[in-house]
Amino acid sequence: MAKYKDVTTTGPIEWAKIFENNRDMEGYEGDFVKCEGAYTLNQILTQADLEKLEEAGSQKAPIKKRLINDKQIVVKFVRKHLVTRRDGSILPQAGGAPKVTDADGNPWTEEMGLIGNGSTAEVTNLITTFKGQDGKMYSRTTLTGLKILEHIKHEEKEEEMGW
């Protein structure tokens, strides 16, 4: 039987692709093509927040390059757009965009803009621990929500704007 635990971490975020219109459609070597894209972000964590994730059973590891070069604990969080069961049917509650709110808990609207690098957020992930068919214990960490505490507006490059 699976065990579920919500874990919230707080810190600056980068490369937030958390809305339906800006989700990552490809992923590394096409990882997200089959699930019609994924919602992703990197978060800079404190050692205490990393330990919270580990204690809950998360197997997320810091990005090694950032740990070595910048001496920062940076973890990438992901939520697939479509999640399917083994039989091919869709599990709607497990996919789709994460819940994004402002600091007061109000839903984030398109008028508020995209989230830029350096914005501070509370990021909530669902840690699911389960026994695989091989009898080993596994863990899945799924991005479920963000509360934007300090918003830095995303600046689009001139080429992206069509200028």
# chains A, B, ... in the order shown; residues from 1 in each chain; ligands from 1

$ residues_around --residues "stretch 64-79 of chain A" --least-positions-apart "3" --cutoff "8 Å" --atoms "only C-alpha atoms" --output "JSON, numbers by chain"
{"A": [38, 39, 40, 41, 42, 43, 44, 45, 46, 47, 50, 60, 61, 95, 96, 97, 98, 125, 141, 142, 143, 144]}

$ select_by_dssp --residues "chain A" --states "alpha helix (DSSP H)" --output "ChimeraX atom specification"
/A:47-55,64-69,158-161

$ residues_around --residues "A:Lys99" --least-positions-apart "5" --cutoff "8 Å" --atoms "only C-alpha atoms" --output "ChimeraX atom specification"
/A:107,144-146

$ write_last_selection --atoms "N, CA and C atoms" --output "compact mmCIF listing (two decimals), in the first residue's frame"
# COMPACT_ATOMS: atom_id res chain seq x y z
N PRO A 107 -5.82 32.61 -6.29
CA PRO A 107 -5.34 31.96 -7.51
C PRO A 107 -4.53 32.93 -8.38
N THR A 144 2.86 19.71 -6.69
CA THR A 144 1.40 19.88 -6.62
C THR A 144 0.97 21.34 -6.50
N GLY A 145 1.84 22.20 -5.94
CA GLY A 145 1.41 23.58 -5.77
C GLY A 145 2.53 24.54 -5.46
N LEU A 146 2.26 25.81 -5.71
CA LEU A 146 3.20 26.89 -5.41
C LEU A 146 2.46 28.07 -4.83

$ select_by_dssp --residues "stretch 29-149 of chain A" --states "strand (DSSP E or B)" --output "PyMOL selection string"
chain A and resi 38-45+73-80+84+90+99-101+107+115+120-131+137-149

$ closest_residue --among "A:His154, A:Lys3, A:Lys131, A:Arg86" --to "A:Met112" --atoms "only C-alpha atoms"
A:His154

$ decode --residues "stretch 24-45 of chain A" --atoms "N, CA, C and O atoms" --output "PDB file, in the first residue's frame"
ATOM      1  N   ASP A  24       6.887  22.569 -20.249  1.00  0.00           N
ATOM      2  CA  ASP A  24       7.965  21.973 -21.033  1.00  0.00           C
ATOM      3  C   ASP A  24       7.375  20.827 -21.847  1.00  0.00           C
ATOM      4  O   ASP A  24       6.981  19.809 -21.292  1.00  0.00           O
ATOM      5  N   MET A  25       7.319  20.980 -23.162  1.00  0.00           N
ATOM      6  CA  MET A  25       6.694  19.985 -24.024  1.00  0.00           C
ATOM      7  C   MET A  25       7.654  18.862 -24.426  1.00  0.00           C
ATOM      8  O   MET A  25       7.217  17.823 -24.883  1.00  0.00           O
ATOM      9  N   GLU A  26       8.940  19.072 -24.260  1.00  0.00           N
ATOM     10  CA  GLU A  26       9.939  18.099 -24.709  1.00  0.00           C
ATOM     11  C   GLU A  26      10.590  17.342 -23.555  1.00  0.00           C
ATOM     12  O   GLU A  26      10.560  16.131 -23.528  1.00  0.00           O
ATOM     13  N   GLY A  27      11.250  18.077 -22.652  1.00  0.00           N
ATOM     14  CA  GLY A  27      12.017  17.437 -21.593  1.00  0.00           C
ATOM     15  C   GLY A  27      13.341  16.931 -22.127  1.00  0.00           C
ATOM     16  O   GLY A  27      13.630  17.010 -23.330  1.00  0.00           O
ATOM     17  N   TYR A  28      14.161  16.403 -21.247  1.00  0.00           N
ATOM     18  CA  TYR A  28      15.467  15.884 -21.625  1.00  0.00           C
ATOM     19  C   TYR A  28      15.288  14.658 -22.509  1.00  0.00           C
ATOM     20  O   TYR A  28      14.626  13.696 -22.123  1.00  0.00           O
ATOM     21  N   GLU A  29      15.831  14.725 -23.699  1.00  0.00           N
ATOM     22  CA  GLU A  29      15.748  13.635 -24.688  1.00  0.00           C
ATOM     23  C   GLU A  29      14.311  13.167 -24.940  1.00  0.00           C
ATOM     24  O   GLU A  29      14.043  11.983 -25.130  1.00  0.00           O
ATOM     25  N   GLY A  30      13.352  14.105 -24.906  1.00  0.00           N
ATOM     26  CA  GLY A  30      11.961  13.796 -25.228  1.00  0.00           C
ATOM     27  C   GLY A  30      11.165  13.122 -24.123  1.00  0.00           C
ATOM     28  O   GLY A  30      10.093  12.570 -24.379  1.00  0.00           O
ATOM     29  N   ASP A  31      11.665  13.199 -22.881  1.00  0.00           N
ATOM     30  CA  ASP A  31      10.995  12.538 -21.747  1.00  0.00           C
ATOM     31  C   ASP A  31       9.529  12.940 -21.564  1.00  0.00           C
ATOM     32  O   ASP A  31       8.733  12.154 -21.080  1.00  0.00           O
ATOM     33  N   PHE A  32       9.172  14.182 -21.933  1.00  0.00           N
ATOM     34  CA  PHE A  32       7.820  14.671 -21.649  1.00  0.00           C
ATOM     35  C   PHE A  32       6.878  14.618 -22.847  1.00  0.00           C
ATOM     36  O   PHE A  32       5.725  15.013 -22.748  1.00  0.00           O
ATOM     37  N   VAL A  33       7.332  14.124 -23.978  1.00  0.00           N
ATOM     38  CA  VAL A  33       6.496  14.090 -25.175  1.00  0.00           C
ATOM     39  C   VAL A  33       5.287  13.170 -24.973  1.00  0.00           C
ATOM     40  O   VAL A  33       4.152  13.545 -25.270  1.00  0.00           O
ATOM     41  N   LYS A  34       5.514  11.988 -24.435  1.00  0.00           N
ATOM     42  CA  LYS A  34       4.467  10.986 -24.257  1.00  0.00           C
ATOM     43  C   LYS A  34       3.344  11.464 -23.315  1.00  0.00           C
ATOM     44  O   LYS A  34       2.184  11.099 -23.477  1.00  0.00           O
ATOM     45  N   CYS A  35       3.696  12.312 -22.335  1.00  0.00           N
ATOM     46  CA  CYS A  35       2.696  12.783 -21.362  1.00  0.00           C
ATOM     47  C   CYS A  35       2.201  14.193 -21.703  1.00  0.00           C
ATOM     48  O   CYS A  35       1.632  14.876 -20.854  1.00  0.00           O
ATOM     49  N   GLU A  36       2.418  14.621 -22.957  1.00  0.00           N
ATOM     50  CA  GLU A  36       1.978  15.931 -23.447  1.00  0.00           C
ATOM     51  C   GLU A  36       2.557  17.084 -22.658  1.00  0.00           C
ATOM     52  O   GLU A  36       1.898  18.095 -22.415  1.00  0.00           O
ATOM     53  N   GLY A  37       3.791  16.940 -22.219  1.00  0.00           N
ATOM     54  CA  GLY A  37       4.485  18.011 -21.511  1.00  0.00           C
ATOM     55  C   GLY A  37       4.446  17.836 -20.007  1.00  0.00           C
ATOM     56  O   GLY A  37       3.757  16.957 -19.480  1.00  0.00           O
ATOM     57  N   ALA A  38       5.234  18.675 -19.337  1.00  0.00           N
ATOM     58  CA  ALA A  38       5.294  18.634 -17.877  1.00  0.00           C
ATOM     59  C   ALA A  38       5.528  20.035 -17.333  1.00  0.00           C
ATOM     60  O   ALA A  38       6.063  20.914 -18.020  1.00  0.00           O
ATOM     61  N   TYR A  39       5.124  20.234 -16.103  1.00  0.00           N
ATOM     62  CA  TYR A  39       5.306  21.495 -15.390  1.00  0.00           C
ATOM     63  C   TYR A  39       6.558  21.324 -14.543  1.00  0.00           C
ATOM     64  O   TYR A  39       6.662  20.349 -13.795  1.00  0.00           O
ATOM     65  N   THR A  40       7.512  22.235 -14.696  1.00  0.00           N
ATOM     66  CA  THR A  40       8.795  22.067 -14.037  1.00  0.00           C
ATOM     67  C   THR A  40       9.284  23.379 -13.434  1.00  0.00           C
ATOM     68  O   THR A  40       8.899  24.471 -13.881  1.00  0.00           O
ATOM     69  N   LEU A  41      10.143  23.255 -12.445  1.00  0.00           N
ATOM     70  CA  LEU A  41      10.848  24.401 -11.883  1.00  0.00           C
ATOM     71  C   LEU A  41      12.040  23.886 -11.101  1.00  0.00           C
ATOM     72  O   LEU A  41      12.073  22.730 -10.676  1.00  0.00           O
ATOM     73  N   ASN A  42      13.023  24.748 -10.934  1.00  0.00           N
ATOM     74  CA  ASN A  42      14.151  24.471 -10.055  1.00  0.00           C
ATOM     75  C   ASN A  42      13.966  25.329  -8.825  1.00  0.00           C
ATOM     76  O   ASN A  42      13.537  26.487  -8.937  1.00  0.00           O
ATOM     77  N   GLN A  43      14.297  24.779  -7.654  1.00  0.00           N
ATOM     78  CA  GLN A  43      14.226  25.555  -6.414  1.00  0.00           C
ATOM     79  C   GLN A  43      15.551  25.434  -5.676  1.00  0.00           C
ATOM     80  O   GLN A  43      16.109  24.345  -5.545  1.00  0.00           O
ATOM     81  N   ILE A  44      16.029  26.583  -5.194  1.00  0.00           N
ATOM     82  CA  ILE A  44      17.238  26.612  -4.377  1.00  0.00           C
ATOM     83  C   ILE A  44      16.793  26.353  -2.945  1.00  0.00           C
ATOM     84  O   ILE A  44      15.969  27.087  -2.394  1.00  0.00           O
ATOM     85  N   LEU A  45      17.335  25.279  -2.350  1.00  0.00           N
ATOM     86  CA  LEU A  45      16.907  24.834  -1.026  1.00  0.00           C
ATOM     87  C   LEU A  45      17.977  25.055   0.035  1.00  0.00           C
ATOM     88  O   LEU A  45      19.169  25.071  -0.267  1.00  0.00           O
TER      89      LEU A  45
END
